[in-house]
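> What follows is the file target.cif, containing mmCIF, C-alpha atoms:
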```cif
data_model
loop_
_atom_site.label_atom_id
_atom_site.label_comp_id
_atom_site.auth_asym_id
_atom_site.auth_seq_id
_atom_site.Cartn_x
_atom_site.Cartn_y
_atom_site.Cartn_z
CA LEU A 316 -38.32 45.20 160.67
CA VAL A 317 -38.95 43.88 157.16
CA PRO A 318 -37.39 44.52 153.75
CA SER A 319 -38.70 47.79 152.33
CA SER A 320 -39.93 49.08 148.98
CA ASN A 321 -42.74 48.29 146.61
CA ASN A 322 -40.58 45.50 145.27
CA ASP A 323 -40.61 43.90 148.69
CA LEU A 324 -44.39 44.29 148.74
CA LEU A 325 -44.56 42.38 145.48
CA VAL A 326 -42.27 39.58 146.56
CA LYS A 327 -43.47 39.46 150.16
CA SER A 328 -47.15 39.31 149.22
CA SER A 329 -46.51 36.46 146.84
CA PHE A 330 -44.57 34.56 149.47
CA VAL A 331 -47.11 35.06 152.22
CA THR A 332 -49.98 34.05 149.98
CA LEU A 333 -48.24 30.99 148.63
CA LYS A 334 -46.49 29.62 151.68
CA PRO A 335 -49.22 27.07 152.54
CA SER A 336 -49.33 25.92 148.91
CA THR A 337 -45.58 25.39 148.69
CA MET A 338 -45.76 23.36 151.87
CA ALA A 339 -48.49 21.27 150.27
CA VAL A 340 -46.32 20.68 147.21
CA GLU A 341 -43.44 19.65 149.44
CA GLU A 342 -45.66 17.16 151.25
CA GLU A 343 -46.87 15.69 147.97
CA LEU A 344 -43.31 15.36 146.71
CA ALA A 345 -42.32 13.64 149.92
CA ALA A 346 -45.29 11.32 149.79
CA GLY A 347 -44.55 10.21 146.23
CA GLY A 348 -47.09 7.93 144.63
CA SER A 349 -47.66 5.99 141.45
CA SER A 350 -49.47 8.75 139.58
CA SER A 351 -48.27 12.19 138.57
CA LEU A 352 -51.82 13.57 138.47
CA PRO A 353 -51.88 14.73 142.11
CA LEU A 354 -48.55 16.51 141.55
CA LEU A 355 -49.80 18.16 138.37
CA ALA A 356 -52.98 19.27 140.09
CA GLY A 357 -51.04 20.58 143.07
CA LEU A 358 -48.60 22.48 140.89
CA GLY A 359 -51.45 23.89 138.83
CA LEU A 360 -53.03 25.22 142.02
CA VAL A 361 -49.71 26.76 143.07
CA ILE A 362 -49.31 28.51 139.70
CA ALA A 363 -52.89 29.76 139.78
CA LEU A 364 -52.41 31.21 143.25
CA ILE A 365 -49.12 32.81 142.22
CA VAL A 366 -50.76 34.48 139.24
CA LEU A 367 -53.67 35.71 141.37
CA ALA A 368 -51.26 37.06 143.98
CA LEU A 369 -49.20 38.89 141.38
CA ARG A 370 -52.29 40.38 139.76
CA PHE A 371 -53.61 41.53 143.16
CA VAL A 372 -50.33 43.10 144.18
CA GLN A 373 -49.78 44.75 140.80
CA LYS A 374 -53.21 46.41 140.99
CA SER A 375 -52.68 47.72 144.51
CA ASP A 376 -52.28 51.47 145.02
CA LYS A 377 -48.84 51.10 146.59
CA VAL A 378 -47.40 49.23 143.63
CA GLN A 379 -49.11 51.49 141.10
CA THR A 380 -46.98 54.36 142.33
CA VAL A 381 -44.22 52.48 140.50
CA THR A 382 -45.68 52.71 136.35
CA GLU A 383 -43.85 53.52 133.11
CA THR A 384 -40.26 54.29 132.40
CA LYS A 385 -37.36 52.44 130.90
CA THR A 386 -34.71 55.09 131.53
CA LYS A 387 -32.01 55.04 134.18
CA SER A 388 -30.95 58.51 135.28
CA GLY A 389 -30.11 60.44 138.40
CA SER A 390 -30.84 63.97 139.51
CA ALA A 391 -27.44 65.12 140.72
CA GLY A 392 -25.04 66.95 138.45
CA GLY A 393 -27.82 68.33 136.23
CA LYS A 394 -29.14 64.93 135.18
CA LYS A 395 -32.83 64.21 134.76
CA PRO A 396 -34.60 63.13 137.95
CA ILE A 397 -35.37 59.44 138.19
CA ASP A 398 -38.94 58.57 137.27
CA ASN A 399 -40.18 56.28 140.02
CA LYS A 400 -42.48 54.36 137.69
CA VAL A 401 -42.29 51.14 135.71
CA THR A 402 -44.66 49.28 133.42
CA LEU A 403 -46.01 46.06 134.91
CA ASN A 404 -46.92 43.10 132.70
CA PRO A 405 -48.82 40.35 134.56
CA GLN A 406 -49.10 38.26 131.41
CA ALA A 407 -45.31 38.06 131.11
CA ASP A 408 -45.07 36.96 134.73
CA ALA A 409 -47.72 34.29 134.23
CA ALA A 410 -45.93 32.96 131.14
CA TYR A 411 -42.60 32.93 133.00
CA LEU A 412 -44.10 30.92 135.86
CA VAL A 413 -45.79 28.41 133.57
CA ASN A 414 -42.61 27.93 131.53
CA ASN A 415 -40.31 27.47 134.50
CA LEU A 416 -42.26 25.49 137.08
CA ARG A 417 -42.55 21.72 136.79
CA PRO A 418 -44.41 18.99 138.71
CA ASP A 419 -41.16 18.12 140.48
CA SER A 420 -40.20 21.73 141.34
CA THR A 421 -39.06 21.93 144.95
CA PRO A 422 -40.40 24.58 147.36
CA LEU A 423 -37.09 26.46 147.15
CA GLU A 424 -37.15 26.36 143.36
CA ILE A 425 -40.70 27.75 143.37
CA LEU A 426 -39.55 30.65 145.56
CA TYR A 427 -36.54 31.33 143.34
CA VAL A 428 -38.72 31.37 140.23
CA ILE A 429 -41.16 33.79 141.87
CA ALA A 430 -38.24 36.03 142.87
CA THR A 431 -37.04 36.22 139.25
CA THR A 432 -40.31 36.96 137.41
CA PRO A 433 -40.00 39.90 134.98
CA ASP A 434 -42.15 42.32 136.98
CA THR A 435 -40.45 41.48 140.27
CA VAL A 436 -37.02 42.09 138.76
CA LEU A 437 -38.20 45.28 137.05
CA VAL A 438 -39.57 46.79 140.27
CA SER A 439 -36.51 45.74 142.26
CA SER A 440 -34.19 47.25 139.64
CA LYS A 441 -36.11 50.52 139.78
CA HIS A 442 -35.69 50.67 143.55
CA ILE A 443 -31.97 50.04 143.16
CA ASP A 444 -31.83 53.03 140.79
CA MET A 445 -33.73 55.16 143.28
CA ALA A 446 -31.45 54.05 146.12
CA ALA A 447 -28.38 54.91 144.03
CA ASP A 448 -29.85 58.33 143.31
CA LEU A 449 -30.45 58.89 147.03
CA ARG A 450 -26.87 57.88 147.82
CA GLU A 451 -25.57 60.30 145.18
CA LYS A 452 -27.63 63.13 146.66
CA LYS A 453 -26.48 62.26 150.18
CA LEU A 454 -22.81 62.33 149.14
CA ALA A 455 -23.33 65.67 147.38
CA HIS A 456 -25.01 67.01 150.53
CA LEU A 457 -22.12 65.87 152.71
CA LYS A 458 -19.62 67.44 150.29
CA GLU A 459 -21.55 70.72 150.41
CA LYS A 460 -21.59 70.67 154.21
CA GLU A 461 -17.85 69.99 154.24
CA ASN A 462 -17.22 72.99 151.97
CA GLU A 463 -19.45 75.19 154.12
CA ALA A 464 -17.62 74.11 157.27
CA SER A 465 -14.26 74.82 155.63
CA HIS A 466 -15.43 78.27 154.50
CA LYS A 467 -16.82 79.09 157.94
CA SER A 468 -13.55 78.00 159.53
CA MET A 469 -11.64 80.38 157.26
CA GLU A 470 -14.01 83.22 158.16
CA ASP A 471 -13.43 82.54 161.85
CA VAL A 472 -9.66 82.77 161.31
CA ILE A 473 -10.04 86.08 159.48
CA ASP A 474 -12.33 87.50 162.17
CA ASP A 475 -9.99 86.36 164.95
CA ASP A 476 -7.10 88.21 163.35
CA GLY A 477 -9.16 91.33 162.89
CA TRP A 478 -8.75 91.32 159.11
CA ALA A 479 -12.42 91.86 158.47
CA GLU A 480 -12.96 94.86 160.75
CA ASP A 481 -12.84 97.33 157.88
CA ASP A 482 -15.05 95.11 155.72
CA GLU A 483 -18.13 94.86 157.92
CA GLU A 484 -21.38 94.18 156.11
CA ASP A 485 -23.25 97.35 155.31
CA ALA A 486 -27.02 97.64 155.49
CA ASP A 487 -27.51 96.60 151.87
CA ALA A 488 -25.39 93.46 152.26
CA LYS A 489 -27.30 92.44 155.39
CA ALA A 490 -30.61 93.01 153.64
CA ALA A 491 -29.47 90.92 150.66
CA LYS A 492 -28.40 88.11 152.96
CA LYS A 493 -31.73 88.13 154.76
CA ALA A 494 -33.61 88.15 151.44
CA ALA A 495 -31.59 85.13 150.27
CA GLU A 496 -32.44 83.25 153.46
CA GLU A 497 -36.13 84.02 153.05
CA LYS A 498 -35.98 82.93 149.40
CA GLU A 499 -34.44 79.61 150.43
CA LYS A 500 -37.13 79.02 153.04
CA GLU A 501 -39.85 79.82 150.52
CA ALA A 502 -38.30 77.46 147.98
CA LYS A 503 -38.38 74.67 150.55
CA ARG A 504 -42.02 75.34 151.37
CA LEU A 505 -42.91 75.37 147.67
CA ALA A 506 -41.00 72.15 147.04
CA LYS A 507 -42.84 70.45 149.87
CA ALA A 508 -46.22 71.71 148.64
CA THR A 509 -45.57 70.51 145.08
CA GLY A 510 -44.20 67.10 146.10
CA LYS A 511 -40.60 67.84 145.12
CA ASP A 512 -37.61 66.43 146.93
CA THR A 513 -37.39 67.76 150.48
CA THR A 514 -35.26 64.96 151.86
CA ASP A 515 -33.55 65.74 155.16
CA PHE A 516 -30.19 64.12 154.50
CA ASN A 517 -29.20 64.57 158.13
CA LYS A 518 -31.91 62.09 159.07
CA VAL A 519 -31.52 59.64 156.16
CA LYS A 520 -28.91 57.07 157.21
CA LEU A 521 -27.38 54.92 154.49
CA GLU A 522 -25.24 51.81 154.83
CA GLY A 523 -21.69 52.41 153.64
CA ILE A 524 -21.98 56.18 154.06
CA ASP A 525 -23.07 56.67 157.67
CA GLU A 526 -21.18 54.79 160.34
CA GLY A 527 -22.87 51.82 161.96
CA VAL A 528 -25.87 51.70 159.59
CA LEU A 529 -27.26 48.26 158.74
CA GLY A 530 -28.70 47.39 155.35
CA GLN A 531 -28.49 44.85 152.55
CA ASN A 532 -24.79 44.12 153.03
CA TRP A 533 -25.39 43.37 156.70
CA VAL A 534 -28.15 40.94 155.75
CA VAL A 535 -25.87 39.18 153.23
CA ASP A 536 -23.08 38.90 155.81
CA ASN A 537 -25.41 37.24 158.30
CA LEU A 538 -27.02 34.97 155.72
CA THR A 539 -23.50 33.86 154.75
CA LYS A 540 -22.74 33.00 158.37
CA MET A 541 -25.98 30.98 158.50
CA GLY A 542 -24.95 29.07 155.37
CA SER A 543 -27.85 30.57 153.42
CA TRP A 544 -25.90 32.74 151.00
CA PRO A 545 -25.38 32.13 148.16
CA PRO A 546 -28.94 30.76 148.02
CA PRO A 547 -28.95 27.05 148.89
CA LYS A 548 -29.34 24.66 145.98
CA LEU A 549 -29.71 27.50 143.49
CA ASN A 550 -27.46 25.59 141.09
CA ASP A 551 -29.89 22.67 141.23
CA THR A 552 -32.74 24.80 139.91
CA ILE A 553 -33.77 26.12 136.52
CA VAL A 554 -32.94 29.66 137.70
CA LYS A 555 -29.18 29.06 137.66
CA ASP A 556 -29.09 29.09 133.85
CA LYS A 557 -31.31 32.15 133.47
CA LYS A 558 -29.88 35.34 131.96
CA PHE A 559 -31.16 38.82 132.74
CA SER A 560 -30.58 42.13 130.94
CA ASP A 561 -29.19 45.15 132.78
CA ASN A 562 -28.37 48.26 130.71
CA GLY A 563 -27.43 46.12 127.74
CA ASN A 564 -25.41 43.62 129.79
CA ILE A 565 -26.57 40.00 129.99
CA LEU A 566 -25.98 38.71 133.51
CA GLY A 567 -26.58 35.61 135.61
CA PRO A 568 -28.95 35.68 138.60
CA LEU A 569 -26.33 36.53 141.24
CA ASP A 570 -24.67 39.18 139.05
CA HIS A 571 -27.83 41.07 138.10
CA PRO A 572 -28.47 43.71 140.81
CA GLY A 573 -32.27 43.39 140.75
CA VAL A 574 -32.31 39.58 140.76
CA ARG A 575 -29.62 39.46 143.45
CA ARG A 576 -31.64 41.82 145.65
CA ASN A 577 -34.76 39.69 145.25
CA LEU A 578 -32.87 36.53 146.16
CA ILE A 579 -31.39 38.27 149.21
CA MET A 580 -34.89 39.30 150.26
CA THR A 581 -36.14 35.77 149.67
CA MET A 582 -33.51 34.27 151.95
CA GLY A 583 -34.00 37.11 154.43
CA ARG A 584 -37.70 36.33 154.56
CA LEU A 585 -36.98 32.65 155.21
CA HIS A 586 -34.61 33.64 158.04
CA ALA A 587 -36.61 36.60 159.33
CA LYS A 588 -36.65 35.32 162.91
CA GLN A 589 -32.86 35.04 163.16
CA LEU A 590 -32.30 38.41 161.49
CA ASN A 591 -34.99 40.40 163.28
CA THR A 592 -33.84 39.13 166.69
CA HIS A 593 -30.16 39.70 165.99
CA PRO A 594 -28.61 41.88 168.76
CA GLU A 595 -27.01 44.24 166.24
CA LEU A 596 -30.31 44.92 164.48
CA ILE A 597 -32.17 45.33 167.77
CA ALA A 598 -29.55 47.84 168.96
CA ALA A 599 -29.52 49.74 165.64
CA GLY A 600 -33.29 50.27 165.49
CA PRO A 601 -33.72 52.78 168.35
CA LYS A 602 -30.66 54.71 167.15
CA GLY A 603 -32.10 55.10 163.66
CA LEU A 604 -29.17 53.23 162.15
CA ILE A 605 -31.32 51.32 159.66
CA ASP A 606 -30.90 51.85 155.91
CA PRO A 607 -34.40 52.76 154.61
CA THR A 608 -33.52 51.64 151.09
CA TYR A 609 -33.59 48.06 152.37
CA PHE A 610 -35.42 48.08 155.70
CA GLN A 611 -38.54 49.82 156.86
CA ALA A 612 -39.85 50.03 160.42
#
```
What do you get writing this file as structure tokens?


Amino acid sequence: LVPSSNNDLLVKSSFVTLKPSTMAVEEELAAGGSSSLPLLAGLGLVIALIVLALRFVQKSDKVQTVTETKTKSGSAGGKKPIDNKVTLNPQADAAYLVNNLRPDSTPLEILYVIATTPDTVLVSSKHIDMAADLREKKLAHLKEKENEASHKSMEDVIDDDGWAEDDEEDADAKAAKKAAEEKEKEAKRLAKATGKDTTDFNKVKLEGIDEGVLGQNWVVDNLTKMGSWPPPKLNDTIVKDKKFSDNGNILGPLDHPGVRRNLIMTMGRLHAKQLNTHPELIAAGPKGLIDPTYFQA
């Protein structure tokens, strides 16, 4: 199991591509030396590889399903559906990396800077919006089911007492009911054919809504127990003083939802072995108790 979403693809691909290079930088820092030229050359190579990785990921088909919107809206309650696209800007990412990495940047600092590049935060924020929209739909679905169950229960009471014997459905009412059922089935088939939302909310399990489901909060709890949350030495890096915009609010890295998610995924990736072999996660997998807005199989 690995963190899900296109955002994870962006962050994960960068990390996998750059892991050997960050190790090389760490070795050079440990080795020291009288000249800064080897460090500058090593850091330049790291930055070049980061930029290439970001450009490759941003041009991939999977990430291009996420292009152009700056609005935040849901689809429940008559609101506009969320556009699952954002505009990617590789040049902004490259400038951010060049401006924030230094010859003495530690491997952890390099990872934190990668996790907070503009495109990475933008994609992550979009997935948070989409997850929130899914949660809203799930809650509305559960509320509707609760109302239906309550109505059915009342009908059962009426039928048991014989109150409805004189009000039996006539032929026209039965025909209308059947027509409504057929119309609903046709609407579902049309929605599926046209790519509209056909989510089966009985199968989608979300942390905090469905009992026993594991997701981002579970990961944070376990990272905290490991001593890896909040992110180690974050306050010793340039990222700690960064400010990020969220709906007009200027927030620090651990307060901004998109940045926070990326940092959680970063630490989760570094502790993937401990998390993926955790008994609770192993037990939850076969039962389908995995939040798809964070994990994917």

> So what does the PyMOL selection byres ((chain A and resi 589-600) around 9) actually pick up in this one, as a ChimeraX atom specification?

/A:316-317,527-529,534,537-538,583,586-588,601-605,612

> Padding of 8 Å on every side, edges along x, y and z, all listed atoms of stretch 547-551 of chain A included: what centre and edge lengths in Å, to one decimal, does that box have, as JSON?


```
{"center_x": -28.7, "center_y": 25.1, "center_z": 145.0, "size_x": 18.4, "size_y": 20.8, "size_z": 23.8}
```

> I'd like the interatomic distance between atom CA of A:Asn532 and atom CA of A:Asn577, to a tenth of an Å.

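Spanning atom CA of A:Asn532 to atom CA of A:Asn577 is a straight-line distance of 13.4 Å.
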
> What lies within 9 Å of A:Val519 using only C-alpha atoms, ignoring chain neighbours under 4 positions off, as an NGL selection string?

:A and (453 or 514-515 or 603 or 606-607)

> Skip A:Val436 itself and residues of its chain fewer than 2 positions away, then list as a VMD selection string all residues within 12 Å of it, counting all atoms listed in the file.

chain A and resid 321 to 323 325 to 326 401 to 404 407 to 408 427 to 434 438 to 443 558 to 561 568 571 to 578

> Quick one: write out the picked residues with C-alpha atoms as a JSON list (two decimals), in the coordinates of the input?


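Wrote it out as selection.json, contents follow:
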```json
[["chain", "number", "residue", "atom", "x", "y", "z"],
["A", 321, "ASN", "CA", -42.74, 48.29, 146.61],
["A", 322, "ASN", "CA", -40.58, 45.50, 145.27],
["A", 323, "ASP", "CA", -40.61, 43.90, 148.69],
["A", 325, "LEU", "CA", -44.56, 42.38, 145.48],
["A", 326, "VAL", "CA", -42.27, 39.58, 146.56],
["A", 401, "VAL", "CA", -42.29, 51.14, 135.71],
["A", 402, "THR", "CA", -44.66, 49.28, 133.42],
["A", 403, "LEU", "CA", -46.01, 46.06, 134.91],
["A", 404, "ASN", "CA", -46.92, 43.10, 132.70],
["A", 407, "ALA", "CA", -45.31, 38.06, 131.11],
["A", 408, "ASP", "CA", -45.07, 36.96, 134.73],
["A", 427, "TYR", "CA", -36.54, 31.33, 143.34],
["A", 428, "VAL", "CA", -38.72, 31.37, 140.23],
["A", 429, "ILE", "CA", -41.16, 33.79, 141.87],
["A", 430, "ALA", "CA", -38.24, 36.03, 142.87],
["A", 431, "THR", "CA", -37.04, 36.22, 139.25],
["A", 432, "THR", "CA", -40.31, 36.96, 137.41],
["A", 433, "PRO", "CA", -40.00, 39.90, 134.98],
["A", 434, "ASP", "CA", -42.15, 42.32, 136.98],
["A", 438, "VAL", "CA", -39.57, 46.79, 140.27],
["A", 439, "SER", "CA", -36.51, 45.74, 142.26],
["A", 440, "SER", "CA", -34.19, 47.25, 139.64],
["A", 441, "LYS", "CA", -36.11, 50.52, 139.78],
["A", 442, "HIS", "CA", -35.69, 50.67, 143.55],
["A", 443, "ILE", "CA", -31.97, 50.04, 143.16],
["A", 558, "LYS", "CA", -29.88, 35.34, 131.96],
["A", 559, "PHE", "CA", -31.16, 38.82, 132.74],
["A", 560, "SER", "CA", -30.58, 42.13, 130.94],
["A", 561, "ASP", "CA", -29.19, 45.15, 132.78],
["A", 568, "PRO", "CA", -28.95, 35.68, 138.60],
["A", 571, "HIS", "CA", -27.83, 41.07, 138.10],
["A", 572, "PRO", "CA", -28.47, 43.71, 140.81],
["A", 573, "GLY", "CA", -32.27, 43.39, 140.75],
["A", 574, "VAL", "CA", -32.31, 39.58, 140.76],
["A", 575, "ARG", "CA", -29.62, 39.46, 143.45],
["A", 576, "ARG", "CA", -31.64, 41.82, 145.65],
["A", 577, "ASN", "CA", -34.76, 39.69, 145.25],
["A", 578, "LEU", "CA", -32.87, 36.53, 146.16]]
```

> Distance atom CA of A:Lys458-atom CA of A:Ala490, one decimal place?

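We find that atom CA of A:Lys458 and atom CA of A:Ala490 lie 28.0 Å from each other.
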
> Between atom CA of A:Ser543 and atom CA of A:Ala409, what distance in Å does the model show, to one decimal?

27.9 Å
